[in-house]
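Working notes, structure below.
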Amino acid sequence: PYSFCQIVVTLLLGKPVMKLEALGSLVALAGGVVCAMAPDHDQHPKRVVGNNDVNNGSKTSFTGDVICFATSFTAAAYLIIAQRLRAKLDMSVFMFLMYTISSLLVLSFIILNQTEPVSLSFHPVHGIFGWMNPMLDRLPLELWMVLVCNFVGGIGFVEALKYFSPVVISVVMLAEPAIAMLEGVVAGVSPT
């Protein structure tokens, strides 16, 4: 639903949408609907609503779908807002503000939801600065994520908003999970 949400947010913010962008997002939405309605190939018939098994009362899939849809809308809004702010702010100021706000939000979420207490230490599991440990799965991995994923990816997408519409950028962003999986395989931290 990501490209569809991009079109909806664009329209809600009063920006024009080209016909082919709208058509492309409708095709993508139709593909998502077809995938969601795919038959369950389990041998035991059961009553299914969306991806939820109604027989056992599972709400996990529905909750995941709602989170996915909400994330699509917020990502679409982010790209459109970033495009507008980028025209008014220098890239370094924009990225500093974005990463500072993001870091504070993530830290708040971790503190509120972590089962172990968070400490102001270098402990690799619960320390706020645990990522700085010179272990293979801490500092080198974090440097890779900051230098390659964030700087090249995040800044690249924001910078590309000067030249392309948010709809185009959002479609390119859909390749991120596949590329991240391949990076994980190369780094030895993702199953093949």
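Residues in the structure tokens are numbered from 1 in each chain, the chains being A, B, ... in the order shown, and ligands are numbered from 1 in the order shown.
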
Which residues are near region 75-78 of chain A? Cut-off 10 Å, only C-alpha atoms, ignore same chain within fewer than 2 positions. Put them as a PDB file with C-alpha atoms, in the first residue's frame.
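Written out: part.pdb:
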```
ATOM      1  CA  TYR A   2       3.060   2.271   0.173  1.00  0.00           C
ATOM      2  CA  SER A   3       2.731   3.955  -3.211  1.00  0.00           C
ATOM      3  CA  PHE A   4      -1.036   4.279  -2.708  1.00  0.00           C
ATOM      4  CA  CYS A   5      -0.426   6.005   0.639  1.00  0.00           C
ATOM      5  CA  GLN A   6       2.093   8.288  -1.072  1.00  0.00           C
ATOM      6  CA  ILE A   7      -0.590   9.405  -3.524  1.00  0.00           C
ATOM      7  CA  VAL A   8      -3.189   9.894  -0.770  1.00  0.00           C
ATOM      8  CA  VAL A   9      -0.801  11.970   1.373  1.00  0.00           C
ATOM      9  CA  THR A  10       0.212  14.000  -1.688  1.00  0.00           C
ATOM     10  CA  LEU A  12      -4.138  15.565   1.290  1.00  0.00           C
ATOM     11  CA  LEU A  13      -1.297  18.091   1.276  1.00  0.00           C
ATOM     12  CA  PHE A  69      -0.466   0.672   6.729  1.00  0.00           C
ATOM     13  CA  ALA A  70       0.254   3.355   9.359  1.00  0.00           C
ATOM     14  CA  THR A  71       3.954   3.153   8.552  1.00  0.00           C
ATOM     15  CA  SER A  72       3.187   3.620   4.870  1.00  0.00           C
ATOM     16  CA  PHE A  73       1.291   6.822   5.588  1.00  0.00           C
ATOM     17  CA  ILE A  80       6.671  15.069   1.188  1.00  0.00           C
ATOM     18  CA  ILE A  81       7.564  17.086   4.296  1.00  0.00           C
ATOM     19  CA  ALA A  82      11.275  16.390   3.730  1.00  0.00           C
ATOM     20  CA  GLN A  83      10.979  17.673   0.178  1.00  0.00           C
ATOM     21  CA  ARG A  84       9.428  20.925   1.425  1.00  0.00           C
ATOM     22  CA  PRO A 166       8.371  11.646  -3.585  1.00  0.00           C
ATOM     23  CA  VAL A 167       6.422   8.939  -5.439  1.00  0.00           C
ATOM     24  CA  ILE A 169      11.708   8.015  -4.380  1.00  0.00           C
ATOM     25  CA  SER A 170       9.208   5.853  -2.499  1.00  0.00           C
TER      26      SER A 170
END
```

Name all residues at most 12 Å from Ser92 (chain A) (count only C-alpha atoms; drop same-chain ones fewer than 4 positions away) and give them as a PyMOL selection string. chain A and resi 86+88+96-100+151+155+158-159

Separation of CA of Glu116 (chain A) from CA of Ile101 (chain A), in Å and rounded to one decimal: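 Taking CA of Glu116 (chain A) and CA of Ile101 (chain A), their separation equals 23.7 Å.
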
Those of region 5-190 of chain A in DSSP strand (DSSP E), formatted as JSON, numbers by chain: {"A": [48, 49, 52, 53]}

May I have the residues within 10 Å of Leu141 (chain A) as a PyMOL selection string, using only C-alpha atoms and disregarding those fewer than 5 positions away in the same chain? chain A and resi 131-132+134-136+146+184+187+189
